[in-house]
Structures are given as structure tokens and as C-alpha cells.
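File shown here: entry_17.tsv, holding TSV, C-alpha atoms and all ligand atoms.
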```tsv
chain	number	residue	atom	x	y	z
L	23	MET	CA	5.98	17.40	25.26
L	24	ARG	CA	9.52	16.12	25.00
L	25	ALA	CA	10.85	15.26	21.54
L	26	LEU	CA	14.09	14.50	19.76
L	27	THR	CA	15.09	17.29	17.38
L	28	LEU	CA	17.81	17.50	14.75
L	29	HIS	CA	19.92	20.66	14.64
L	30	GLY	CA	22.71	19.77	12.25
L	31	LYS	CA	25.29	17.12	11.55
L	32	HIS	CA	25.68	14.86	14.62
L	33	ASP	CA	23.62	17.29	16.69
L	34	VAL	CA	20.37	15.86	18.10
L	35	ARG	CA	18.71	17.18	21.27
L	36	VAL	CA	15.78	16.25	23.46
L	37	GLU	CA	13.74	19.42	23.85
L	38	THR	CA	10.38	20.59	25.08
L	39	VAL	CA	8.21	21.45	22.07
L	40	PRO	CA	4.49	22.20	21.60
L	41	ASP	CA	2.13	19.21	21.77
L	42	PRO	CA	0.71	18.08	18.43
L	43	GLU	CA	-2.94	18.86	17.70
L	44	ILE	CA	-5.60	17.44	15.43
L	45	LEU	CA	-5.47	19.52	12.21
L	46	ASN	CA	-7.62	17.40	9.92
L	47	PRO	CA	-10.73	15.29	10.62
L	48	ARG	CA	-8.84	12.11	9.64
L	49	ASP	CA	-5.95	12.77	12.09
L	50	ALA	CA	-5.29	10.95	15.33
L	51	ILE	CA	-2.88	11.73	18.15
L	52	ILE	CA	-0.79	8.81	19.38
L	53	LYS	CA	0.98	8.65	22.74
L	54	VAL	CA	4.21	6.92	21.76
L	55	THR	CA	5.03	3.82	23.81
L	56	ALA	CA	8.02	2.61	21.78
L	57	THR	CA	10.12	4.06	18.97
L	58	ALA	CA	13.30	2.91	17.27
L	59	ILE	CA	16.28	4.55	15.63
L	60	CYS	CA	16.55	3.48	12.00
L	61	GLY	CA	19.64	3.15	9.84
L	62	SER	CA	18.09	5.79	7.61
L	63	ASP	CA	17.92	8.16	10.60
L	64	LEU	CA	21.72	7.94	10.54
L	65	HIS	CA	21.67	9.46	7.03
L	66	LEU	CA	19.88	12.45	8.62
L	67	TYR	CA	22.35	12.43	11.52
L	68	ASP	CA	25.24	12.45	9.03
L	69	GLY	CA	23.70	15.40	7.22
L	70	VAL	CA	23.49	13.72	3.82
L	71	ILE	CA	19.72	14.08	3.31
L	72	PRO	CA	18.66	17.41	1.82
L	73	GLY	CA	15.65	19.38	3.00
L	74	MET	CA	16.10	19.30	6.78
L	75	LYS	CA	15.47	22.35	9.00
L	76	PRO	CA	17.00	22.91	12.46
L	77	GLY	CA	14.61	21.70	15.14
L	78	ASP	CA	12.83	19.08	13.02
L	79	ILE	CA	11.42	16.23	15.12
L	80	ILE	CA	12.73	13.02	13.58
L	81	GLY	CA	11.86	9.33	13.88
L	82	HIS	CA	9.63	7.21	11.66
L	83	GLU	CA	9.49	3.87	13.49
L	84	PHE	CA	6.97	4.15	16.31
L	85	MET	CA	3.87	2.77	17.91
L	86	GLY	CA	1.63	3.81	20.74
L	87	GLU	CA	-1.78	4.36	22.20
L	88	VAL	CA	-4.50	6.42	20.55
L	89	VAL	CA	-5.31	9.36	22.85
L	90	GLU	CA	-7.35	11.52	20.49
L	91	ALA	CA	-9.11	10.74	17.22
L	92	GLY	CA	-10.52	13.23	14.73
L	93	PRO	CA	-14.18	12.87	13.66
L	94	LYS	CA	-13.24	10.98	10.47
L	95	SER	CA	-10.61	8.72	12.04
L	96	THR	CA	-11.57	5.06	12.41
L	97	LEU	CA	-9.42	4.68	15.53
L	98	ARG	CA	-10.72	4.81	19.11
L	99	ASN	CA	-9.01	6.09	22.23
L	100	GLY	CA	-7.06	3.40	24.05
L	101	GLN	CA	-6.28	1.29	20.97
L	102	LYS	CA	-2.65	0.22	20.54
L	103	VAL	CA	-1.40	0.86	17.01
L	104	VAL	CA	1.76	0.54	14.94
L	105	VAL	CA	2.13	3.37	12.43
L	106	PRO	CA	3.68	2.88	8.95
L	107	PHE	CA	6.47	5.34	8.18
L	108	THR	CA	4.82	6.13	4.85
L	109	ILE	CA	1.88	8.54	5.01
L	110	SER	CA	-0.81	7.62	2.48
L	111	CYS	CA	-4.32	8.85	1.75
L	112	GLY	CA	-5.66	5.47	0.67
L	113	SER	CA	-7.67	6.72	-2.29
L	114	CYS	CA	-5.47	8.50	-4.87
L	115	TYR	CA	-4.33	6.87	-8.15
L	116	PHE	CA	-1.24	5.40	-6.47
L	117	CYS	CA	-2.84	4.28	-3.21
L	118	SER	CA	-5.57	2.51	-5.22
L	119	LYS	CA	-2.77	0.49	-6.85
L	120	GLN	CA	-1.34	-0.23	-3.37
L	121	GLN	CA	1.71	1.90	-4.24
L	122	TYR	CA	1.29	3.68	-0.93
L	123	SER	CA	4.71	5.32	-0.70
L	124	ALA	CA	3.92	7.15	-3.96
L	125	CYS	CA	0.77	8.72	-2.49
L	126	ASP	CA	-0.12	11.94	-4.31
L	127	ASN	CA	-2.02	13.54	-1.44
L	128	SER	CA	0.24	13.20	1.59
L	129	ASN	CA	2.99	15.63	0.62
L	130	PRO	CA	1.61	19.16	1.14
L	131	VAL	CA	1.63	21.48	-1.87
L	132	GLU	CA	4.13	23.86	-0.29
L	133	THR	CA	6.82	21.16	0.00
L	134	GLN	CA	6.14	19.42	-3.32
L	135	ASP	CA	8.16	22.07	-5.15
L	136	LEU	CA	11.30	20.77	-3.43
L	137	THR	CA	11.18	17.28	-4.92
L	138	GLU	CA	9.72	17.93	-8.35
L	139	PRO	CA	12.91	19.41	-9.84
L	140	LEU	CA	15.00	16.64	-8.27
L	141	TYR	CA	12.88	13.58	-9.06
L	142	GLY	CA	10.43	14.77	-11.70
L	143	HIS	CA	7.51	14.11	-9.36
L	144	ALA	CA	6.73	15.04	-5.76
L	145	MET	CA	7.33	12.27	-3.24
L	146	GLY	CA	4.67	10.97	-0.86
L	147	GLY	CA	4.80	12.01	2.78
L	148	LEU	CA	7.04	10.30	5.35
L	149	PHE	CA	7.20	10.81	9.10
L	150	GLY	CA	10.23	12.61	10.51
L	151	TYR	CA	12.15	12.62	7.28
L	152	SER	CA	12.97	15.86	5.51
L	153	HIS	CA	10.82	18.59	4.03
L	154	LEU	CA	11.18	16.83	0.67
L	155	THR	CA	8.68	14.35	2.06
L	156	GLY	CA	6.30	16.75	3.76
L	157	GLY	CA	8.29	17.83	6.81
L	158	TYR	CA	6.01	15.83	9.13
L	159	ALA	CA	7.03	15.72	12.78
L	160	GLY	CA	8.39	12.28	13.62
L	161	GLY	CA	7.70	9.74	16.32
L	162	GLN	CA	10.80	10.00	18.52
L	163	ALA	CA	8.62	12.05	20.83
L	164	GLU	CA	6.01	11.66	23.53
L	165	TYR	CA	3.15	12.34	21.12
L	166	VAL	CA	2.72	12.43	17.38
L	167	ARG	CA	0.02	13.53	14.98
L	168	VAL	CA	-0.89	10.76	12.54
L	169	PRO	CA	-2.57	12.02	9.35
L	170	PHE	CA	-4.92	9.67	7.41
L	171	SER	CA	-5.24	7.61	10.57
L	172	ASP	CA	-8.10	5.66	8.96
L	173	VAL	CA	-5.64	4.22	6.42
L	174	GLY	CA	-2.18	3.73	7.92
L	175	PRO	CA	-2.06	2.53	11.52
L	176	ILE	CA	-2.64	-1.13	12.26
L	177	VAL	CA	-4.36	-2.03	15.53
L	178	VAL	CA	-2.44	-4.69	17.45
L	179	PRO	CA	-4.07	-7.17	19.83
L	180	ASP	CA	-4.08	-6.35	23.57
L	181	GLY	CA	-1.22	-7.68	25.66
L	182	VAL	CA	1.32	-8.07	22.85
L	183	ASP	CA	4.78	-6.81	23.77
L	184	ASP	CA	5.68	-3.66	21.82
L	185	GLU	CA	9.01	-5.05	20.65
L	186	LYS	CA	7.26	-7.95	18.89
L	187	VAL	CA	5.32	-5.64	16.56
L	188	LEU	CA	7.23	-2.34	16.49
L	189	PHE	CA	9.19	-3.25	13.37
L	190	LEU	CA	5.99	-3.45	11.34
L	191	SER	CA	6.43	0.33	11.09
L	192	ASP	CA	9.33	0.01	8.65
L	193	ASN	CA	12.15	-2.55	8.87
L	194	LEU	CA	10.13	-5.76	8.61
L	195	PRO	CA	7.93	-4.72	5.65
L	196	THR	CA	11.02	-3.16	4.04
L	197	GLY	CA	13.00	-6.39	4.34
L	198	TRP	CA	9.99	-8.37	3.16
L	199	MET	CA	9.40	-6.15	0.11
L	200	ALA	CA	13.13	-6.33	-0.70
L	201	ALA	CA	12.88	-10.13	-0.80
L	202	GLU	CA	9.59	-10.01	-2.71
L	203	ASN	CA	11.29	-7.79	-5.31
L	204	CYS	CA	13.71	-10.68	-5.94
L	205	ASP	CA	10.90	-12.89	-7.38
L	206	ILE	CA	12.42	-15.83	-5.54
L	207	GLU	CA	12.16	-19.23	-7.23
L	208	GLU	CA	12.79	-22.70	-5.83
L	209	GLY	CA	16.53	-23.32	-5.47
L	210	ASP	CA	17.57	-19.67	-5.73
L	211	THR	CA	20.67	-18.21	-4.12
L	212	ILE	CA	20.24	-14.65	-2.86
L	213	ALA	CA	23.12	-12.36	-1.87
L	214	VAL	CA	22.40	-9.54	0.58
L	215	TRP	CA	24.73	-6.53	1.02
L	216	GLY	CA	24.35	-5.03	4.50
L	217	CYS	CA	23.27	-6.84	7.66
L	218	GLY	CA	21.53	-3.96	9.38
L	219	PRO	CA	17.90	-4.46	10.36
L	220	VAL	CA	16.60	-4.32	6.78
L	221	GLY	CA	19.27	-6.70	5.50
L	222	LEU	CA	18.62	-9.14	8.35
L	223	PHE	CA	14.86	-9.06	7.79
L	224	ALA	CA	15.44	-9.47	4.04
L	225	ILE	CA	17.49	-12.60	4.81
L	226	GLN	CA	14.72	-13.93	7.05
L	227	SER	CA	12.08	-13.09	4.44
L	228	ALA	CA	14.03	-14.61	1.53
L	229	LEU	CA	14.38	-17.89	3.42
L	230	ALA	CA	10.67	-17.80	4.35
L	231	MET	CA	9.87	-17.33	0.64
L	232	GLY	CA	11.82	-20.48	-0.25
L	233	ALA	CA	15.32	-19.29	-1.14
L	234	HIS	CA	17.71	-22.24	-1.10
L	235	ARG	CA	20.72	-20.22	0.09
L	236	VAL	CA	21.26	-16.69	1.32
L	237	ILE	CA	24.72	-15.16	1.43
L	238	ALA	CA	25.20	-12.13	3.69
L	239	ILE	CA	27.90	-9.48	3.12
L	240	ASP	CA	29.04	-7.04	5.81
L	241	HIS	CA	32.12	-6.14	7.83
L	242	TYR	CA	30.67	-6.12	11.35
L	243	PRO	CA	31.28	-9.53	12.98
L	244	ARG	CA	28.26	-9.26	15.30
L	245	ARG	CA	25.91	-8.49	12.42
L	246	LEU	CA	27.31	-11.34	10.33
L	247	GLU	CA	26.79	-13.59	13.36
L	248	LEU	CA	23.11	-12.57	13.49
L	249	ALA	CA	22.83	-13.26	9.75
L	250	GLY	CA	24.35	-16.69	10.41
L	251	SER	CA	21.88	-17.40	13.19
L	252	LEU	CA	19.06	-16.79	10.69
L	253	GLY	CA	20.56	-19.34	8.30
L	254	ALA	CA	22.71	-17.19	5.99
L	255	GLU	CA	26.31	-17.86	4.97
L	256	ALA	CA	28.60	-14.92	5.68
L	257	ILE	CA	31.19	-12.97	3.71
L	258	ASN	CA	33.25	-10.36	5.57
L	259	PHE	CA	34.25	-7.90	2.83
L	260	THR	CA	37.33	-6.77	4.73
L	261	GLN	CA	38.72	-10.31	4.58
L	262	THR	CA	37.39	-11.66	1.29
L	263	ARG	CA	36.98	-10.41	-2.27
L	264	VAL	CA	33.21	-10.39	-2.53
L	265	GLY	CA	32.79	-10.87	-6.28
L	266	GLU	CA	35.23	-13.78	-6.45
L	267	ALA	CA	33.77	-15.45	-3.36
L	268	LEU	CA	30.23	-15.25	-4.75
L	269	MET	CA	31.32	-16.81	-8.06
L	270	GLU	CA	33.07	-19.60	-6.20
L	271	MET	CA	30.10	-20.25	-3.91
L	272	THR	CA	27.68	-20.44	-6.84
L	273	GLY	CA	29.65	-22.72	-9.15
L	274	GLY	CA	30.74	-19.84	-11.40
L	275	ILE	CA	27.20	-18.60	-12.07
L	276	GLY	CA	26.64	-15.79	-9.57
L	277	PRO	CA	23.67	-15.22	-7.24
L	278	ASP	CA	20.21	-15.42	-8.82
L	279	ALA	CA	19.20	-12.22	-7.08
L	280	VAL	CA	21.03	-9.53	-5.14
L	281	ILE	CA	19.78	-7.13	-2.50
L	282	ASP	CA	21.47	-3.79	-1.71
L	283	ALA	CA	20.46	-3.11	1.88
L	284	VAL	CA	23.31	-0.62	2.33
L	285	GLY	CA	22.29	2.46	0.39
L	286	MET	CA	24.05	5.76	0.00
L	287	GLU	CA	26.72	5.53	2.71
L	288	ALA	CA	28.71	2.45	1.72
L	289	HIS	CA	31.85	1.67	3.73
L	290	GLY	CA	35.18	0.20	2.71
L	291	PHE	CA	38.34	0.94	0.82
L	292	ALA	CA	37.44	-0.09	-2.71
L	293	PRO	CA	38.75	2.56	-5.15
L	294	ASP	CA	35.27	3.62	-6.29
L	295	ASN	CA	34.22	4.14	-2.68
L	296	ILE	CA	37.25	6.25	-1.82
L	297	ALA	CA	36.41	8.51	-4.78
L	298	ASP	CA	32.78	8.73	-3.57
L	299	VAL	CA	33.82	9.64	-0.01
L	300	ILE	CA	35.94	12.52	-1.32
L	301	LYS	CA	33.18	13.75	-3.62
L	302	GLN	CA	30.62	13.58	-0.83
L	303	LYS	CA	32.92	15.57	1.47
L	304	ILE	CA	33.39	18.37	-1.04
L	305	GLY	CA	29.72	18.33	-1.95
L	306	VAL	CA	29.86	17.36	-5.63
L	307	ALA	CA	28.02	14.04	-5.23
L	308	ALA	CA	25.42	12.85	-2.73
L	309	ASP	CA	25.48	9.08	-2.89
L	310	ARG	CA	28.20	6.51	-2.18
L	311	GLY	CA	27.09	3.54	-4.20
L	312	HIS	CA	29.84	0.93	-3.84
L	313	ALA	CA	27.47	-1.80	-2.57
L	314	LEU	CA	25.07	-1.26	-5.46
L	315	ARG	CA	27.85	-1.35	-8.05
L	316	GLU	CA	29.27	-4.54	-6.58
L	317	ALA	CA	25.82	-6.14	-6.40
L	318	LEU	CA	25.10	-5.36	-10.07
L	319	VAL	CA	28.44	-6.71	-11.22
L	320	SER	CA	28.13	-9.86	-9.05
L	321	CYS	CA	24.56	-10.78	-10.01
L	322	ARG	CA	24.20	-13.68	-12.44
L	323	LYS	CA	23.15	-13.06	-16.04
L	324	GLY	CA	19.38	-12.60	-16.23
L	325	GLY	CA	19.18	-12.11	-12.45
L	326	ARG	CA	17.21	-9.70	-10.30
L	327	VAL	CA	18.46	-6.67	-8.36
L	328	SER	CA	16.48	-5.35	-5.38
L	329	VAL	CA	17.41	-2.05	-3.75
L	330	PRO	CA	15.80	-1.28	-0.38
L	331	GLY	CA	18.86	0.83	0.55
L	332	VAL	CA	18.19	4.58	0.57
L	333	TYR	CA	19.58	6.83	-2.17
L	334	GLY	CA	18.84	10.53	-2.31
L	335	GLY	CA	20.54	12.20	-5.20
L	336	PHE	CA	22.94	11.31	-7.97
L	337	LEU	CA	25.29	8.39	-8.34
L	338	ASP	CA	28.14	8.22	-10.80
L	339	LYS	CA	30.06	5.20	-12.12
L	340	PHE	CA	26.75	3.34	-12.24
L	341	PRO	CA	27.38	0.09	-14.16
L	342	LEU	CA	24.51	0.49	-16.57
L	343	GLY	CA	26.42	-1.71	-19.02
L	344	ALA	CA	26.29	-4.66	-16.63
L	345	LEU	CA	22.58	-4.07	-16.04
L	346	MET	CA	21.80	-3.99	-19.77
L	347	GLN	CA	24.23	-6.56	-21.10
L	348	LYS	CA	23.38	-9.15	-18.45
L	349	GLY	CA	19.65	-8.48	-18.77
L	350	LEU	CA	19.18	-7.72	-15.09
L	351	GLN	CA	15.91	-6.50	-13.61
L	352	LEU	CA	16.12	-3.67	-11.09
L	353	ARG	CA	13.39	-3.02	-8.53
L	354	THR	CA	13.48	-0.51	-5.71
L	355	GLY	CA	11.41	2.09	-3.86
L	356	GLN	CA	10.28	3.31	-0.49
L	357	THR	CA	8.28	0.50	1.05
L	358	HIS	CA	4.52	0.33	0.46
L	359	VAL	CA	4.19	-0.41	4.17
L	360	GLN	CA	0.38	-0.44	4.35
L	361	ARG	CA	0.36	-3.34	1.84
L	362	TYR	CA	2.27	-5.59	4.25
L	363	THR	CA	1.26	-4.70	7.81
L	364	ALA	CA	-1.77	-7.00	8.11
L	365	PRO	CA	-0.21	-10.16	6.57
L	366	LEU	CA	3.04	-9.65	8.49
L	367	LEU	CA	1.22	-9.06	11.80
L	368	GLU	CA	-0.44	-12.43	11.20
L	369	LYS	CA	2.96	-14.09	10.66
L	370	ILE	CA	4.25	-12.53	13.89
L	371	MET	CA	1.20	-13.65	15.88
L	372	SER	CA	1.44	-17.20	14.50
L	373	GLY	CA	5.13	-17.35	15.43
L	374	GLU	CA	6.25	-17.74	11.81
L	375	LEU	CA	8.32	-14.55	12.07
L	376	ASP	CA	10.13	-13.27	15.15
L	377	THR	CA	11.92	-9.94	14.96
L	378	THR	CA	12.82	-9.46	18.62
L	379	PHE	CA	16.32	-10.92	18.13
L	380	LEU	CA	17.29	-7.61	16.57
L	381	VAL	CA	17.01	-5.34	19.64
L	382	SER	CA	20.41	-4.81	21.24
L	383	HIS	CA	19.75	-1.72	23.37
L	384	ARG	CA	16.79	-0.23	25.22
L	385	ILE	CA	16.96	3.38	26.42
L	386	SER	CA	14.67	6.22	27.43
L	387	LEU	CA	13.82	9.04	25.04
L	388	GLU	CA	15.85	11.41	27.24
L	389	ASP	CA	18.94	9.32	26.46
L	390	ALA	CA	18.36	9.52	22.70
L	391	PRO	CA	21.43	11.69	21.88
L	392	GLY	CA	23.69	9.02	23.43
L	393	GLY	CA	21.73	6.36	21.60
L	394	TYR	CA	22.41	8.08	18.28
L	395	ARG	CA	26.09	8.50	19.10
L	396	ASN	CA	26.50	4.82	19.93
L	397	PHE	CA	24.32	3.47	17.12
L	398	HIS	CA	26.36	5.61	14.73
L	399	GLY	CA	29.76	4.90	16.27
L	400	ASN	CA	29.46	1.25	17.26
L	401	GLN	CA	27.37	-0.45	14.62
L	402	ASN	CA	28.88	-3.80	15.47
L	403	GLU	CA	27.32	-4.01	18.94
L	404	TRP	CA	24.40	-1.60	18.50
L	405	THR	CA	22.16	-3.43	16.04
L	406	LYS	CA	18.89	-1.76	17.05
L	407	VAL	CA	17.95	0.82	19.65
L	408	VAL	CA	14.42	0.94	21.07
L	409	MET	CA	13.49	4.06	23.01
L	410	ARG	CA	10.59	4.53	25.37
L	411	PRO	CA	9.32	7.97	26.35
L	412	GLU	CA	8.97	8.04	30.15
L	501	ZN	ZN	13.38	3.23	9.07
L	502	ZN	ZN	-2.76	8.38	-1.78
```
The structure given in the file should be rewritten as C-alpha cells.
Ligand SMILES: [Zn+2]
Ligand SMILES: [Zn+2]
Amino acid sequence: MRALTLHGKHDVRVETVPDPEILNPRDAIIKVTATAICGSDLHLYDGVIPGMKPGDIIGHEFMGEVVEAGPKSTLRNGQKVVVPFTISCGSCYFCSKQQYSACDNSNPVETQDLTEPLYGHAMGGLFGYSHLTGGYAGGQAEYVRVPFSDVGPIVVPDGVDDEKVLFLSDNLPTGWMAAENCDIEEGDTIAVWGCGPVGLFAIQSALAMGAHRVIAIDHYPRRLELAGSLGAEAINFTQTRVGEALMEMTGGIGPDAVIDAVGMEAHGFAPDNIADVIKQKIGVAADRGHALREALVSCRKGGRVSVPGVYGGFLDKFPLGALMQKGLQLRTGQTHVQRYTAPLLEKIMSGELDTTFLVSHRISLEDAPGGYRNFHGNQNEWTKVVMRPE
């Protein structure tokens, strides 16, 4: 089959690789009909995620048709499914608490040793994302093996356009969980750093959950425009001092909750970020956390901090004093996707949520290297790339 493989920094190729096979009775093989490039794939592309090997098939946002199901899979050939990016067994201690991304059984023993020293515990498995999370082949390919296919994939009704439901694989549940982690109350103002797909869906979700105001922070005009079309007010951080603007907009109180949908590759020329860029370049620090620092310092006293943005290693200059002294609550984590797929599919089918506004470019899988280059280099215009294997 044809698949997108990562060979190093800014080096992705479409290659012919062996077809996936059923390895476990609960596996299924999916013929991919649509797959998207995620902002977190750009962290792989930029070479800032540890644990990658040359030739790894990447991609964790995908859907398709079941073409083979193991004897213990609950899927049937011909069904159309969206697959969560988190791989979860459904029955371990964590899965039974619906903390699916913490699954104890989906990261194979041989790769668990990589994360234990770093995080204290082994991570759950993720598709197409580093050998720290199992080294599973991803979905930017013609076919993909889906482990625990009786737990993860959600069957979508016949005749629904792929683009309407594809983002159930990651971005929509991730934005939704980010808003849920804000414990939104009537009248709340929420500030969101980063208007990529997760930030935009977090804005949409926060408003759906009853937020009174949402303020979006970015530097790409097109992305701020999309945030505006969803009902957010915009701050362009290259033109405005974010902290001061937020205080002014909230009558000197600060936002009730803040969302960092930027993660470890913050942009901009704030002094702390310039120091981070240098440290990242010489390899003494992994994460550039300017957005998170600014969010913590801007949040009102007693407010909530939600971090869907991806961080991988260590962050310095973390304003722990602001967190403690202001009595902030911090919630984060890889999304427990399986918890949200069914209720969010219902909201899509009822028309309550529409995510199709996000897609800016549609290309074939063969054109994926160009798609990565453009998504990486022109984030203003390229908000979301959907690829279809031919
Ligand atoms: Zn993603
Ligand atoms: Zn589990």
C-alpha cells in the first residue's frame, strides 16, 4: 500500500510499504477514505517529539471502511467508521474510569520503557505518534490496522459526508474536552490562545456550553477571522499587548478561564519565547511555553486553566507562583476521545455542531509532502488539510 512516512525534520515521503495485517483477534483493518494533517503532526515534522524512527507511518486523524475484522472485533466489513487517535482497551483501571488516553494495555511492553523514566508512568497508545506511545502505524495511508476495534471506532450512518464526521477522530473532542475542563459557568469569559483547529473547536464548544464571551488570541488574520465568525472577539498578539487587553476587556478582572491551544511551539518575540527558541535549537529544552505562561498570568484569581496544547518534555520559567497565589486550577491531558465520540456525533447529526468550515485544502495522499510543506509554511491560509488516498 501507499503511506506517508517520516524520515527526519521536514522530510516526509509517500512510499510503498507492506499492507497491515490482523495481529490480534480484536483488530480490524480499515481502508482509509479520509485523513487529515493535525497541528500536532507538525511537531513531528519539526522534529521536536522524541521517539520517532525513520520510516514511521504517521497520521492519527482518519476514517474509513472496514475491510477485515478479527474474530473478536464487533465491526463488520463495509461499515464506515471514524477512529479515535487514542488506542484504548476499554477494560483496564483507567478505561473503566473513562480515562481512555491513560489506557494501561495499549502501549506494548517493549516501548513502555521509553516513557516511564520521562513521565513516571508509561503512556497509552496513540496512532502514528512516536514510539513513546506504542509506535503504531498511523492513518495517513491506504490501510491501517486498528487495535481494540471493539472499543474505539464509532460507526457513522450511511451517506454522511466524510468531512462532517472526520474531526471526531481528534480535533472536535479535543476542543470539546478543553472547554469542558474550564467548568464554564453562566456569564463566564473564556480566553483561548491559538486559533488552530483545536482552538477554534474549543471556542465553538465554550459558546455551546454557555460561555458569555470568548476572546481568541492568535497572529494569523485568517484564523482570527474564523474565530470571529464563530462568535469570538479577536486579539492579534503582534498588534496588541495581550495581558493588558484582556484586563481592559474584562473590567480589570481577567478571564474566568483560559485555554492554551498552542502547546510547545509558541510563536512571537516576547523575551521568554526568544530564550526558549534558542534553548530548543541547542537542545537544552524541549518546550516553548510562552502561550501557557501568558495564559496563567492573565487568568483571573481563582480561575481555571485548560491545556489541550501538546507538551512533551520540560518547561522552564513556569509561573508556579501565579498558579498557587491566584488559586488557579490546571487541567490538561491527551483527549479521552472515546468518551466524546457518541455524544458529539449526535450533535453533528442534529446540526448543533458543524465542523466543515475548518477545511481549507483537499489533496490526494500522493500530494501529502506538499500538503505538509504548505500547512507548515502558510498557517494563515492553510487551516486544515484533508487527504484522500486514491
Ligand atoms: Zn491531531
Ligand atoms: Zn485500557
field: Distance filter 7 Å around ligand ZN 501 (chain L), atoms: all atoms listed in the file, out as a count of residues only
entry: 8
- prompt: What is the distance, in Å and to one decimal place, between CA of Gly399 (chain L) and CA of Arg244 (chain L)?
  reply: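 Answer for the CA of Gly399 (chain L) to CA of Arg244 (chain L) separation: 14.3 Å.
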field: Contacts of Arg98 (chain L) within 12 Å, all atoms listed in the file, excl. fewer than 2 positions in-chain, as a count of residues only
entry: 22
Need to verify the contact set: Lys75 (chain L), 8 Å, all atoms listed in the file, exclusion of same-chain residues closer than 3 positions in sequence. Can you return it as a CSV table (one decimal) with C-alpha atoms, keeping the file's coordinate frame?
```
chain,number,residue,atom,x,y,z
L,28,LEU,CA,17.8,17.5,14.8
L,29,HIS,CA,19.9,20.7,14.6
L,78,ASP,CA,12.8,19.1,13.0
L,152,SER,CA,13.0,15.9,5.5
L,153,HIS,CA,10.8,18.6,4.0
```
message: From the options L:Ile275, L:Met74, L:Ala249, L:Met269, which residue's atoms come nearest to Gly30 (chain L), counting all atoms listed in the file?
response: L:Met74
task: Find the residues near Lys406 (chain L): any atom within 8 Å, counting all atoms listed in the file, skip ones fewer than 6 places away on the same chain, and give them as a PyMOL selection string.
output: chain L and resi 58-60+219+380-383+397
query: Counting only C-alpha atoms and all ligand atoms, what residues are within 7 Å of ligand ZN 502 (chain L), given as a PyMOL selection string?
result: chain L and resi 110-117+122+125-128
Point-to-point distance from CA of Arg361 (chain L) to CA of Trp198 (chain L), Å rounded to tenths: 10.9 Å
Let me know the centre plus edge lengths, in Å and rounded to one decimal, of a box with edges along x, y and z that contains all listed atoms of region 235-245 of chain L and is padded by 3 Å on every side, as AutoDock Vina command-line options.
```
--center_x 26.4 --center_y -13.2 --center_z 7.7 --size_x 17.4 --size_y 20.1 --size_z 21.2
```
